[in-house]
file entry-v3.txt (compact mmCIF, C-alpha atoms)
# COMPACT_ATOMS: atom_id res chain seq x y z
CA MET A 209 2.99 -17.95 7.87
CA ARG A 210 -0.74 -17.11 8.02
CA LYS A 211 -1.10 -18.91 11.33
CA LEU A 212 1.40 -16.95 13.37
CA ALA A 213 0.17 -16.21 16.86
CA PHE A 214 -1.05 -12.88 18.11
CA ALA A 215 -0.46 -11.75 21.66
CA GLY A 216 1.15 -15.05 22.53
CA LEU A 217 -2.12 -16.99 22.14
CA ALA A 218 -1.27 -19.01 19.04
CA ALA A 219 -3.91 -21.66 19.45
CA ILE A 220 -6.64 -19.05 19.89
CA THR A 221 -5.81 -16.20 17.62
CA ALA A 222 -4.27 -17.77 14.51
CA ALA A 223 -2.28 -14.80 13.31
CA VAL A 224 -3.93 -11.64 14.47
CA LEU A 225 -1.66 -9.12 12.82
CA SER A 226 1.48 -11.14 13.06
CA THR A 227 3.74 -9.28 10.64
CA VAL A 228 6.59 -11.45 11.75
CA GLY A 229 10.06 -10.21 10.96
CA VAL A 230 13.53 -11.34 11.82
CA ALA A 231 14.80 -9.15 14.60
CA ALA A 232 17.92 -7.36 13.49
CA ALA A 233 20.72 -6.17 15.70
CA ASP A 234 20.29 -2.52 16.62
CA PRO A 235 22.24 -0.19 14.33
CA PRO A 236 25.04 1.80 15.93
CA PRO A 237 23.93 4.62 18.23
CA SER A 238 24.94 7.21 15.65
CA SER A 239 22.07 5.96 13.49
CA LEU A 240 19.28 4.74 15.75
CA VAL A 241 19.33 6.18 19.25
CA GLN A 242 17.38 5.01 22.26
CA ILE A 243 15.85 7.76 24.38
CA PRO A 244 15.82 6.27 27.88
CA SER A 245 13.50 8.83 29.46
CA PHE A 246 10.75 10.61 27.57
CA GLY A 247 8.08 11.40 30.16
CA ALA A 248 4.98 9.49 31.15
CA ASN A 249 5.16 5.93 29.89
CA PRO A 250 2.07 4.03 31.07
CA GLY A 251 2.40 1.59 28.16
CA ALA A 252 5.97 0.63 29.13
CA LEU A 253 7.31 1.11 25.59
CA ALA A 254 10.85 1.94 24.48
CA MET A 255 11.59 5.03 22.40
CA TYR A 256 14.13 5.12 19.57
CA THR A 257 14.76 7.97 17.17
CA TYR A 258 16.54 8.67 13.94
CA THR A 259 17.57 12.31 13.56
CA PRO A 260 19.41 13.42 10.40
CA ALA A 261 22.65 15.24 11.11
CA GLY A 262 22.19 18.98 11.34
CA LEU A 263 18.40 18.83 11.49
CA GLY A 264 17.06 22.33 12.03
CA THR A 265 14.11 23.45 14.09
CA GLY A 266 10.58 23.61 12.74
CA ARG A 267 10.83 20.25 10.96
CA PRO A 268 8.20 17.46 10.84
CA VAL A 269 8.08 14.29 12.95
CA VAL A 270 7.06 10.83 11.69
CA VAL A 271 6.18 8.07 14.16
CA ALA A 272 6.82 4.62 12.63
CA LEU A 273 5.35 1.53 14.33
CA HIS A 274 6.76 -1.95 13.71
CA GLY A 275 4.78 -5.20 13.38
CA CYS A 276 4.66 -8.23 15.66
CA THR A 277 7.98 -9.91 16.63
CA GLN A 278 9.76 -6.97 15.04
CA SER A 279 11.74 -4.17 16.64
CA ALA A 280 12.52 -0.53 16.07
CA ALA A 281 15.73 -1.71 14.40
CA ASP A 282 13.82 -3.84 11.89
CA TYR A 283 11.62 -0.97 10.85
CA TYR A 284 14.61 1.35 10.75
CA ALA A 285 16.54 -1.08 8.54
CA HIS A 286 13.87 -1.90 5.96
CA SER A 287 11.04 0.65 5.80
CA GLY A 288 12.90 3.42 3.97
CA TRP A 289 11.89 6.13 6.42
CA PRO A 290 15.46 7.03 7.53
CA GLU A 291 16.65 7.66 3.98
CA LEU A 292 13.58 9.79 3.31
CA ALA A 293 14.30 11.66 6.56
CA ASP A 294 17.76 12.47 5.24
CA ARG A 295 16.34 13.62 1.91
CA TRP A 296 13.38 15.64 3.20
CA ARG A 297 14.72 16.64 6.65
CA PHE A 298 12.48 15.31 9.40
CA GLU A 299 12.85 13.20 12.53
CA VAL A 300 11.60 9.62 12.81
CA VAL A 301 10.40 8.19 16.13
CA PHE A 302 10.44 4.39 16.35
CA PRO A 303 8.42 3.14 19.35
CA GLN A 304 9.30 -0.40 20.39
CA GLN A 305 7.08 -2.99 22.03
CA SER A 306 8.38 -5.54 24.54
CA THR A 307 7.65 -9.19 25.25
CA ALA A 308 6.62 -8.13 28.75
CA ASN A 309 3.64 -6.33 27.21
CA ASN A 310 2.93 -8.82 24.47
CA SER A 311 4.76 -12.11 23.98
CA LEU A 312 5.08 -11.49 20.23
CA LYS A 313 5.90 -7.79 20.65
CA CYS A 314 2.66 -6.72 18.94
CA PHE A 315 1.34 -3.31 19.79
CA ASN A 316 -1.93 -3.98 21.63
CA TRP A 317 -4.20 -2.27 19.11
CA PHE A 318 -7.19 -4.39 20.24
CA SER A 319 -7.10 -3.37 23.93
CA THR A 320 -8.90 -0.27 25.17
CA ALA A 321 -6.36 -0.14 28.00
CA ASP A 322 -3.69 0.58 25.39
CA ASP A 323 -5.27 2.07 22.25
CA THR A 324 -7.42 4.91 23.59
CA ARG A 325 -6.71 8.54 24.41
CA GLY A 326 -4.66 9.00 27.57
CA ASN A 327 -4.18 5.29 28.17
CA GLY A 328 -1.39 2.73 27.96
CA GLU A 329 0.66 2.43 24.80
CA ALA A 330 -1.21 5.23 23.03
CA ALA A 331 -0.33 7.64 25.83
CA SER A 332 3.30 6.50 25.77
CA ILE A 333 3.52 7.25 22.05
CA LYS A 334 2.01 10.69 22.68
CA SER A 335 4.78 11.27 25.25
CA MET A 336 7.36 10.32 22.61
CA VAL A 337 5.93 12.91 20.25
CA ASP A 338 6.13 15.57 22.95
CA LYS A 339 9.74 14.59 23.69
CA ALA A 340 10.75 14.77 20.02
CA ILE A 341 9.17 18.19 19.65
CA ALA A 342 10.84 19.49 22.81
CA ASP A 343 14.27 18.13 21.84
CA HIS A 344 14.34 19.44 18.29
CA GLY A 345 11.88 22.30 18.14
CA SER A 346 9.79 20.29 15.69
CA ASP A 347 6.69 21.60 13.95
CA ARG A 348 3.74 20.46 16.08
CA SER A 349 1.37 20.92 13.13
CA ARG A 350 3.33 18.40 11.03
CA VAL A 351 3.35 15.24 13.12
CA PHE A 352 2.49 12.01 11.30
CA VAL A 353 2.16 8.33 12.17
CA THR A 354 2.50 5.15 10.14
CA GLY A 355 2.70 1.46 10.92
CA LEU A 356 2.68 -2.10 9.66
CA SER A 357 0.08 -4.72 10.61
CA ALA A 358 -0.33 -4.52 14.41
CA GLY A 359 1.48 -1.19 14.07
CA GLY A 360 -1.05 -0.29 11.37
CA GLY A 361 -3.92 -1.16 13.69
CA MET A 362 -2.40 1.04 16.37
CA THR A 363 -1.90 3.80 13.79
CA ALA A 364 -5.63 3.86 13.04
CA ASN A 365 -6.41 4.04 16.75
CA LEU A 366 -3.91 6.85 17.32
CA LEU A 367 -5.47 8.87 14.51
CA ALA A 368 -8.87 8.42 16.18
CA ALA A 369 -7.64 9.09 19.73
CA TYR A 370 -5.32 11.99 18.92
CA PRO A 371 -6.65 13.87 15.87
CA ASP A 372 -5.27 17.00 17.52
CA VAL A 373 -1.75 15.53 17.45
CA PHE A 374 -1.45 13.72 14.12
CA ALA A 375 -2.03 15.57 10.86
CA ALA A 376 -2.12 12.38 8.78
CA GLY A 377 -1.41 8.67 8.94
CA GLY A 378 -0.26 5.78 6.78
CA ILE A 379 -1.78 2.36 7.51
CA ASN A 380 0.02 -0.65 6.02
CA ALA A 381 -1.87 -3.97 6.17
CA GLY A 382 -3.77 -2.67 9.20
CA LEU A 383 -7.33 -2.59 10.50
CA PRO A 384 -10.02 0.02 11.15
CA ALA A 385 -9.89 2.05 14.32
CA GLN A 386 -11.61 0.34 17.25
CA CYS A 387 -12.52 -2.74 15.22
CA ALA A 388 -11.80 -4.94 18.24
CA THR A 389 -11.70 -4.73 22.01
CA SER A 390 -10.44 -8.26 22.69
CA VAL A 391 -8.10 -10.85 21.17
CA VAL A 392 -11.03 -12.97 19.95
CA GLU A 393 -12.64 -9.96 18.29
CA ALA A 394 -9.28 -9.09 16.76
CA THR A 395 -9.12 -12.43 14.96
CA ASN A 396 -12.59 -11.84 13.55
CA CYS A 397 -11.66 -8.33 12.42
CA GLN A 398 -8.51 -9.61 10.78
CA GLN A 399 -10.25 -12.21 8.66
CA ASN A 400 -13.87 -11.19 8.12
CA ASP A 401 -16.11 -8.46 6.78
CA GLN A 402 -17.70 -6.77 9.82
CA ARG A 403 -20.68 -5.65 7.71
CA LEU A 404 -20.77 -2.15 9.16
CA THR A 405 -21.85 0.92 7.23
CA PRO A 406 -19.39 3.76 6.65
CA ALA A 407 -21.33 5.81 9.20
CA GLN A 408 -21.00 3.05 11.80
CA TRP A 409 -17.27 2.86 11.18
CA ALA A 410 -16.96 6.63 11.46
CA SER A 411 -18.80 6.64 14.78
CA LYS A 412 -16.09 4.39 16.22
CA VAL A 413 -13.53 7.07 15.38
CA LYS A 414 -15.53 10.03 16.66
CA ALA A 415 -16.32 8.29 19.95
CA GLN A 416 -12.61 8.29 20.81
CA TYR A 417 -12.46 12.04 21.37
CA PRO A 418 -15.98 13.26 22.15
CA GLY A 419 -16.57 16.88 21.34
CA TYR A 420 -13.56 17.22 19.07
CA GLY A 421 -14.31 19.86 16.47
CA GLY A 422 -11.00 20.27 14.68
CA PRO A 423 -9.81 18.84 11.37
CA TRP A 424 -9.51 15.07 11.08
CA PRO A 425 -6.26 13.44 9.95
CA ARG A 426 -5.79 12.54 6.31
CA VAL A 427 -5.21 8.81 5.78
CA ALA A 428 -3.25 6.68 3.29
CA ILE A 429 -4.19 2.99 3.29
CA TRP A 430 -1.97 0.26 1.80
CA GLN A 431 -3.33 -3.24 1.21
CA GLY A 432 -2.15 -6.30 -0.73
CA THR A 433 -4.87 -8.18 -2.61
CA ALA A 434 -3.29 -11.53 -1.68
CA ASP A 435 -2.92 -10.78 2.03
CA TYR A 436 -4.42 -13.65 3.99
CA THR A 437 -3.06 -12.54 7.34
CA VAL A 438 -4.90 -9.21 7.36
CA TYR A 439 -7.51 -9.82 4.70
CA PRO A 440 -8.10 -7.22 1.94
CA VAL A 441 -11.57 -6.41 3.30
CA ASN A 442 -9.77 -4.38 5.97
CA GLY A 443 -8.49 -1.96 3.36
CA THR A 444 -12.06 -1.39 2.18
CA GLU A 445 -13.33 -0.97 5.72
CA LEU A 446 -10.58 1.56 6.47
CA ARG A 447 -11.57 3.41 3.30
CA ASP A 448 -15.21 3.41 4.41
CA GLN A 449 -14.31 4.56 7.92
CA TRP A 450 -12.12 7.50 7.05
CA THR A 451 -14.07 8.77 4.05
CA ALA A 452 -17.15 8.86 6.31
CA VAL A 453 -15.18 10.66 9.03
CA HIS A 454 -14.33 13.32 6.46
CA GLY A 455 -17.88 13.41 5.11
CA LEU A 456 -16.82 12.04 1.73
CA SER A 457 -18.42 9.58 -0.64
CA GLN A 458 -16.94 6.12 -1.05
CA THR A 459 -16.83 6.78 -4.80
CA PRO A 460 -13.26 7.75 -5.76
CA THR A 461 -12.60 11.18 -7.19
CA SER A 462 -9.71 9.81 -9.25
CA THR A 463 -7.86 6.61 -10.00
CA GLN A 464 -4.15 6.22 -10.71
CA SER A 465 -1.84 3.43 -11.79
CA LEU A 466 1.48 3.13 -9.97
CA PRO A 467 4.42 0.71 -10.25
CA GLY A 468 4.33 -2.74 -8.72
CA GLY A 469 0.77 -3.51 -9.82
CA THR A 470 -0.56 -0.78 -7.55
CA THR A 471 -3.88 0.96 -8.08
CA LEU A 472 -4.44 4.17 -6.16
CA THR A 473 -7.97 5.41 -5.59
CA ASN A 474 -8.20 8.93 -4.22
CA TYR A 475 -11.06 10.36 -2.20
CA GLY A 476 -11.07 14.14 -2.21
CA GLY A 477 -7.37 14.35 -1.39
CA LYS A 478 -8.07 13.31 2.20
CA VAL A 479 -8.15 9.51 1.93
CA GLN A 480 -6.13 7.30 -0.39
CA LEU A 481 -6.37 3.54 -0.88
CA TYR A 482 -3.38 1.80 -2.47
CA SER A 483 -4.31 -1.71 -3.63
CA ILE A 484 -1.32 -3.84 -4.65
CA ALA A 485 -2.24 -6.72 -6.94
CA GLY A 486 -0.91 -10.08 -5.80
CA MET A 487 0.97 -8.76 -2.77
CA GLY A 488 0.77 -10.67 0.49
CA HIS A 489 1.16 -9.42 4.04
CA GLY A 490 3.73 -6.72 4.58
CA THR A 491 5.03 -3.27 3.76
CA ALA A 492 5.82 -2.59 0.11
CA VAL A 493 9.39 -1.41 -0.57
CA ASP A 494 11.39 -0.69 -3.71
CA PRO A 495 15.16 -0.98 -3.15
CA GLY A 496 17.28 1.27 -5.32
CA THR A 497 18.60 4.77 -5.76
CA GLY A 498 15.89 6.20 -8.01
CA PRO A 499 13.94 9.26 -6.85
CA THR A 500 10.87 7.22 -5.94
CA GLN A 501 12.72 4.21 -4.52
CA CYS A 502 13.45 3.41 -0.89
CA GLY A 503 13.61 0.59 1.63
CA SER A 504 15.05 -2.90 1.52
CA THR A 505 13.47 -6.33 1.36
CA GLY A 506 13.21 -8.60 4.38
CA ALA A 507 10.64 -10.61 6.27
CA TYR A 508 7.36 -8.86 5.53
CA PHE A 509 9.06 -6.09 3.59
CA LEU A 510 8.02 -6.97 0.05
CA ALA A 511 9.48 -5.68 -3.22
CA GLY A 512 7.29 -3.73 -5.61
CA ILE A 513 6.75 -0.07 -4.78
CA CYS A 514 8.12 2.13 -2.02
CA SER A 515 5.04 2.75 0.10
CA SER A 516 6.99 5.02 2.46
CA TYR A 517 7.92 7.34 -0.42
CA HIS A 518 4.34 7.70 -1.61
CA THR A 519 3.04 8.04 1.93
CA GLY A 520 5.64 10.74 2.58
CA VAL A 521 4.49 12.64 -0.50
CA PHE A 522 0.89 12.30 0.71
CA PHE A 523 2.00 13.75 4.06
CA GLY A 524 3.61 16.65 2.21
CA LEU A 525 7.09 15.88 3.55
CA ASP A 526 8.60 16.50 0.13
CA ASN A 527 7.18 20.03 0.09
CA GLY A 528 5.58 19.25 -3.25
CA SER A 529 8.81 18.12 -4.90
CA GLY A 530 7.83 14.48 -5.32
CA THR A 531 8.50 13.12 -8.79
CA PRO A 532 5.22 12.34 -10.57
CA THR A 533 4.99 8.61 -11.13
CA THR A 534 1.37 8.13 -12.08
CA THR A 535 -1.07 8.84 -14.83
CA SER A 536 -4.26 10.26 -13.40
CA ALA A 537 -7.60 9.31 -14.79
CA PRO A 538 -10.41 11.87 -14.69
CA PRO A 539 -12.85 11.52 -11.81
CA THR A 540 -15.13 8.64 -12.46
CA THR A 541 -18.14 7.01 -10.92
CA ALA A 542 -17.43 3.50 -9.73
CA GLN A 543 -18.83 0.93 -12.12
CA PRO A 544 -19.28 -2.80 -11.59
CA GLY A 545 -16.24 -4.66 -12.81
CA THR A 546 -15.63 -8.00 -14.44
CA CYS A 547 -18.12 -10.76 -13.64
CA VAL A 548 -17.02 -14.39 -13.99
CA SER A 549 -18.96 -17.61 -13.43
CA ALA A 550 -16.74 -20.64 -12.84
CA SER A 551 -16.01 -23.53 -10.51
CA ASN A 552 -14.43 -22.84 -7.15
CA TYR A 553 -11.29 -24.58 -8.36
CA ALA A 554 -11.10 -22.39 -11.47
CA HIS A 555 -11.65 -19.23 -9.41
CA THR A 556 -8.72 -20.09 -7.14
CA GLN A 557 -6.48 -20.97 -10.07
CA ALA A 558 -7.28 -17.61 -11.68
CA GLY A 559 -6.60 -15.63 -8.52
CA ARG A 560 -10.19 -14.59 -7.86
CA ALA A 561 -10.49 -16.74 -4.74
CA HIS A 562 -8.40 -18.79 -2.34
CA GLN A 563 -8.89 -21.99 -0.40
CA SER A 564 -8.29 -22.87 3.22
CA ALA A 565 -8.91 -26.30 4.80
CA GLY A 566 -10.82 -27.41 1.71
CA GLN A 567 -13.17 -24.41 1.70
CA THR A 568 -13.15 -21.58 -0.85
CA TYR A 569 -13.31 -17.85 -0.14
CA ALA A 570 -13.56 -14.87 -2.49
CA ASN A 571 -10.44 -12.71 -2.59
CA GLY A 572 -11.00 -9.34 -0.98
CA SER A 573 -14.45 -9.85 0.53
CA ASN A 574 -13.55 -13.28 1.99
CA GLN A 575 -17.12 -14.43 1.35
CA ALA A 576 -17.58 -18.19 1.80
CA MET A 577 -18.09 -20.09 -1.47
CA GLY A 578 -18.27 -23.68 -0.27
CA LEU A 579 -16.08 -26.67 -1.08
CA TRP A 580 -12.91 -26.25 -3.12
CA ASN A 581 -13.65 -28.46 -6.15
CA THR A 582 -14.64 -28.39 -9.80
CA PHE A 583 -18.31 -29.14 -9.10
CA THR A 584 -19.28 -26.11 -7.01
CA VAL A 585 -19.89 -23.12 -9.28
CA HIS A 586 -20.28 -19.46 -8.31
CA ALA A 587 -20.24 -16.10 -10.04
CA LEU A 588 -17.81 -13.49 -8.76
CA ARG A 589 -17.76 -9.78 -9.58
CA GLU A 590 -14.65 -7.60 -9.15
CA THR A 591 -15.84 -4.36 -7.53
CA SER A 592 -12.36 -2.85 -7.15
CA PRO A 593 -8.92 -4.15 -8.11
CA GLY A 594 -8.47 -7.57 -6.49
CA TYR A 595 -11.75 -7.31 -4.52
CA TRP A 596 -14.29 -9.98 -5.51
CA VAL A 597 -17.83 -10.48 -4.24
CA LEU A 598 -20.40 -13.20 -4.84
CA ALA A 599 -22.59 -12.35 -7.81
CA ASP A 600 -24.62 -15.50 -8.46
CA GLY A 601 -27.28 -14.89 -11.11
CA GLN A 602 -25.72 -11.57 -12.15
CA CYS A 603 -23.17 -12.58 -14.81

call {"tool": "encode", "arguments": {"input": "entry-v3.txt", "output": "structure tokens"}}
result
Amino acid sequence: MRKLAFAGLAAITAAVLSTVGVAAADPPPSSLVQIPSFGANPGALAMYTYTPAGLGTGRPVVVALHGCTQSAADYYAHSGWPELADRWRFEVVFPQQSTANNSLKCFNWFSTADDTRGNGEAASIKSMVDKAIADHGSDRSRVFVTGLSAGGGMTANLLAAYPDVFAAGGINAGLPAQCATSVVEATNCQQNDQRLTPAQWASKVKAQYPGYGGPWPRVAIWQGTADYTVYPVNGTELRDQWTAVHGLSQTPTSTQSLPGGTTLTNYGGKVQLYSIAGMGHGTAVDPGTGPTQCGSTGAYFLAGICSSYHTGVFFGLDNGSGTPTTTSAPPTTAQPGTCVSASNYAHTQAGRAHQSAGQTYANGSNQAMGLWNTFTVHALRETSPGYWVLADGQC
């Protein structure tokens, strides 16, 4: 599944943000409603909404972006956002991509014609927000956006392009804002460390709205440590980008343990990185009726923890009523983690590295380690949960 095509160019792109799901039949109109006309639509997207019965005015809006080959109905059915909307009283907007725009129905997060302020798909999504606010008297100061994979990449770009629209965002298995401006660059971003400083990443955000002097959106980042479609380095790069945008250090102010093997590192309350040990590519869900549970499993909706619940709490949608599920550690200074020297084969067997086409790569950083065998030996150091870097001569 790692080699799913992006933008219809399978032989070239080898899975740029595929997030493939099985398209479900649209729920009945009483649940998910298409809005046929919502204003300017230069990106030629479709707009669907879920509005809880009896929703009053002055309520928040959440924009939820599906992944490649998926639809608004898929994200509606599995993400958990509709049930949270019922519980916390807000509207959900589900933009939908078409095969006319992208043969795999990926949002074109890598195209400046679609992912920049006032242009293409980004402008269409802004129109959807305006329509939702006009129809329901929603609170313009509490508009949020979240997305999976290609939808996560577009989420990052929307936060950069429209910081005056979105108060916060949730990026699931996505990429940094403006990491790529072409399909070829997108593949590189997906799989490799771009070796940019936090300041360089932040400059990509700030260039999207020159002269903007208002507050920047808060950002929650979700990343599986075993994701080899959108590699874990993207979670770190997103962390670097948005902490730098907010003028924060990349040293966490606190660390928390959550269910599903999830480690949450918090950066001044403005940026959060959720690292899920052993999880592959997808959105984390936790089916059930418990107070912190939501969502249902499906293609690229993976059981473990309900990311939508925790993202919603981060957005403040629960009005502070979220049930505490973590044990907070006091603020700490990041310290080097475990250092292990072993053969490439042993590293992969232990989950510190992975192999592809006979070559070995460190989990997280994706640094090349050479041939996958018992004769090639390297040292790896874990710098954050599930993130390993070469450390030859240091163990």

call {"tool": "residues_around", "arguments": {"input": "entry-v3.txt", "residues": "range 420-425 of chain A", "least_positions_apart": "5", "cutoff": "7 Å", "atoms": "all atoms listed in the file", "output": "PyMOL selection string"}}
result
chain A and resi 367+371+374-377+454

call {"tool": "atom_distance", "arguments": {"input": "entry-v3.txt", "atom1": "CA of Thr591 in chain A", "atom2": "CA of Gly572 in chain A"}}
result
9.5 Å

call {"tool": "closest_atom_pairs", "arguments": {"input": "entry-v3.txt", "of": "range 405-501 of chain A", "to": "range 510-528 of chain A", "cutoff": "12 Å", "atoms": "all atoms listed in the file", "output": "Markdown table"}}
result
| residue | atom | partner | partner_atom | distance |
| --- | --- | --- | --- | --- |
| A:Pro425 | CA | A:Phe523 | CA | 10.1 |
| A:Arg426 | CA | A:Phe523 | CA | 8.2 |
| A:Val427 | CA | A:Phe522 | CA | 8.7 |
| A:Ala428 | CA | A:Thr519 | CA | 6.6 |
| A:Ile429 | CA | A:Thr519 | CA | 8.9 |
| A:Trp430 | CA | A:Ser515 | CA | 7.6 |
| A:Gln431 | CA | A:Ser515 | CA | 10.4 |
| A:Gly432 | CA | A:Leu510 | CA | 10.2 |
| A:Asp435 | CA | A:Leu510 | CA | 11.8 |
| A:Ser465 | CA | A:Ile513 | CA | 11.6 |
| A:Leu466 | CA | A:Ile513 | CA | 8.1 |
| A:Pro467 | CA | A:Ile513 | CA | 6.0 |
| A:Gly468 | CA | A:Gly512 | CA | 4.4 |
| A:Gly469 | CA | A:Gly512 | CA | 7.8 |
| A:Thr470 | CA | A:Ile513 | CA | 7.8 |
| A:Thr471 | CA | A:Ile513 | CA | 11.2 |
| A:Leu472 | CA | A:His518 | CA | 10.5 |
| A:Asn474 | CA | A:Phe522 | CA | 10.9 |
| A:Gly477 | CA | A:Phe522 | CA | 8.8 |
| A:Lys478 | CA | A:Phe522 | CA | 9.1 |
| A:Val479 | CA | A:Phe522 | CA | 9.5 |
| A:Gln480 | CA | A:Phe522 | CA | 8.7 |
| A:Leu481 | CA | A:Thr519 | CA | 10.8 |
| A:Tyr482 | CA | A:Ser515 | CA | 8.9 |
| A:Ser483 | CA | A:Ser515 | CA | 11.0 |
| A:Ile484 | CA | A:Gly512 | CA | 8.7 |
| A:Ala485 | CA | A:Gly512 | CA | 10.1 |
| A:Gly486 | CA | A:Gly512 | CA | 10.4 |
| A:Met487 | CA | A:Leu510 | CA | 7.8 |
| A:Gly488 | CA | A:Leu510 | CA | 8.2 |
| A:His489 | CA | A:Leu510 | CA | 8.3 |
| A:Gly490 | CA | A:Leu510 | CA | 6.2 |
| A:Thr491 | CA | A:Leu510 | CA | 6.0 |
| A:Ala492 | CA | A:Leu510 | CA | 4.9 |
| A:Val493 | CA | A:Cys514 | CA | 4.0 |
| A:Asp494 | CA | A:Cys514 | CA | 4.6 |
| A:Pro495 | CA | A:Ala511 | CA | 7.4 |
| A:Gly496 | CA | A:Cys514 | CA | 9.8 |
| A:Thr497 | CA | A:Cys514 | CA | 11.4 |
| A:Gly498 | CA | A:Cys514 | CA | 10.6 |
| A:Pro499 | CA | A:Tyr517 | CA | 9.0 |
| A:Thr500 | CA | A:Tyr517 | CA | 6.3 |
| A:Gln501 | CA | A:Cys514 | CA | 5.6 |

call {"tool": "atom_distance", "arguments": {"input": "entry-v3.txt", "atom1": "CA of Leu312 in chain A", "atom2": "CA of Trp289 in chain A"}}
result
23.4 Å

call {"tool": "atom_distance", "arguments": {"input": "entry-v3.txt", "atom1": "CA of Gly506 in chain A", "atom2": "CA of His286 in chain A"}}
result
6.9 Å

call {"tool": "residues_around", "arguments": {"input": "entry-v3.txt", "residues": "range 336-343 of chain A", "least_positions_apart": "5", "cutoff": "8 Å", "atoms": "only C-alpha atoms", "output": "PyMOL selection string"}}
result
chain A and resi 246-247+255+269+271+299+301+303+348+351

call {"tool": "write_last_selection", "arguments": {"input": "entry-v3.txt", "atoms": "C-alpha atoms", "output": "PDB file, in the frame of the given file"}}
result
ATOM      1  CA  PHE A 246      10.750  10.610  27.570  1.00  0.00           C
ATOM      2  CA  GLY A 247       8.080  11.400  30.160  1.00  0.00           C
ATOM      3  CA  MET A 255      11.590   5.030  22.400  1.00  0.00           C
ATOM      4  CA  VAL A 269       8.080  14.290  12.950  1.00  0.00           C
ATOM      5  CA  VAL A 271       6.180   8.070  14.160  1.00  0.00           C
ATOM      6  CA  GLU A 299      12.850  13.200  12.530  1.00  0.00           C
ATOM      7  CA  VAL A 301      10.400   8.190  16.130  1.00  0.00           C
ATOM      8  CA  PRO A 303       8.420   3.140  19.350  1.00  0.00           C
ATOM      9  CA  ARG A 348       3.740  20.460  16.080  1.00  0.00           C
ATOM     10  CA  VAL A 351       3.350  15.240  13.120  1.00  0.00           C
TER      11      VAL A 351
END

call {"tool": "residues_around", "arguments": {"input": "entry-v3.txt", "residues": "Gln402 in chain A", "least_positions_apart": "3", "cutoff": "10 Å", "atoms": "only C-alpha atoms", "output": "VMD selection string"}}
result
chain A and resid 387 396 to 399 405 409 441 to 442 445

call {"tool": "closest_residue", "arguments": {"input": "entry-v3.txt", "among": "A:Phe509, A:Phe318, A:Trp596, A:Phe298", "to": "His274 in chain A", "atoms": "only C-alpha atoms"}}
result
A:Phe509

call {"tool": "residues_around", "arguments": {"input": "entry-v3.txt", "residues": "range 555-559 of chain A", "least_positions_apart": "3", "cutoff": "9 Å", "atoms": "all atoms listed in the file", "output": "ChimeraX atom specification"}}
result
/A:434,486,548-552,562-563,568-571,580,586,588,594

call {"tool": "closest_residue", "arguments": {"input": "entry-v3.txt", "among": "A:Gln386, A:Thr463, A:Asn380, A:Thr546", "to": "Asn316 in chain A", "atoms": "all atoms listed in the file"}}
result
A:Gln386

call {"tool": "axis_aligned_box", "arguments": {"input": "entry-v3.txt", "around": "range 574-579 of chain A", "padding_each_side": "8 Å", "output": "lines of an AutoDock Vina configuration file"}}
result
center_x = -15.9
center_y = -20.0
center_z = 0.3
size_x = 20.7
size_y = 29.4
size_z = 19.5

call {"tool": "residues_around", "arguments": {"input": "entry-v3.txt", "residues": "range 363-365 of chain A", "least_positions_apart": "2", "cutoff": "7 Å", "atoms": "only C-alpha atoms", "output": "ChimeraX atom specification"}}
result
/A:323-324,353-355,359-361,367-369,377,379,384-386

call {"tool": "closest_residue", "arguments": {"input": "entry-v3.txt", "among": "A:Pro260, A:Leu446, A:Val300, A:Tyr436", "to": "Thr395 in chain A", "atoms": "all atoms listed in the file"}}
result
A:Tyr436

call {"tool": "residues_near_point", "arguments": {"input": "entry-v3.txt", "point": "(-19.1, -15.8, -3.3)", "cutoff": "6 Å", "atoms": "all atoms listed in the file", "output": "CSV table (one decimal) with C-alpha atoms, in the coordinates of the input"}}
result
chain,number,residue,atom,x,y,z
A,570,ALA,CA,-13.6,-14.9,-2.5
A,575,GLN,CA,-17.1,-14.4,1.4
A,576,ALA,CA,-17.6,-18.2,1.8
A,577,MET,CA,-18.1,-20.1,-1.5
A,597,VAL,CA,-17.8,-10.5,-4.2
A,598,LEU,CA,-20.4,-13.2,-4.8

call {"tool": "closest_residue", "arguments": {"input": "entry-v3.txt", "among": "A:Ala407, A:Gln567, A:Tyr553, A:Ala452", "to": "Phe583 in chain A", "atoms": "only C-alpha atoms"}}
result
A:Tyr553

call {"tool": "closest_residue", "arguments": {"input": "entry-v3.txt", "among": "A:Thr257, A:Thr461, A:Thr265, A:Ser346", "to": "Tyr283 in chain A", "atoms": "only C-alpha atoms"}}
result
A:Thr257
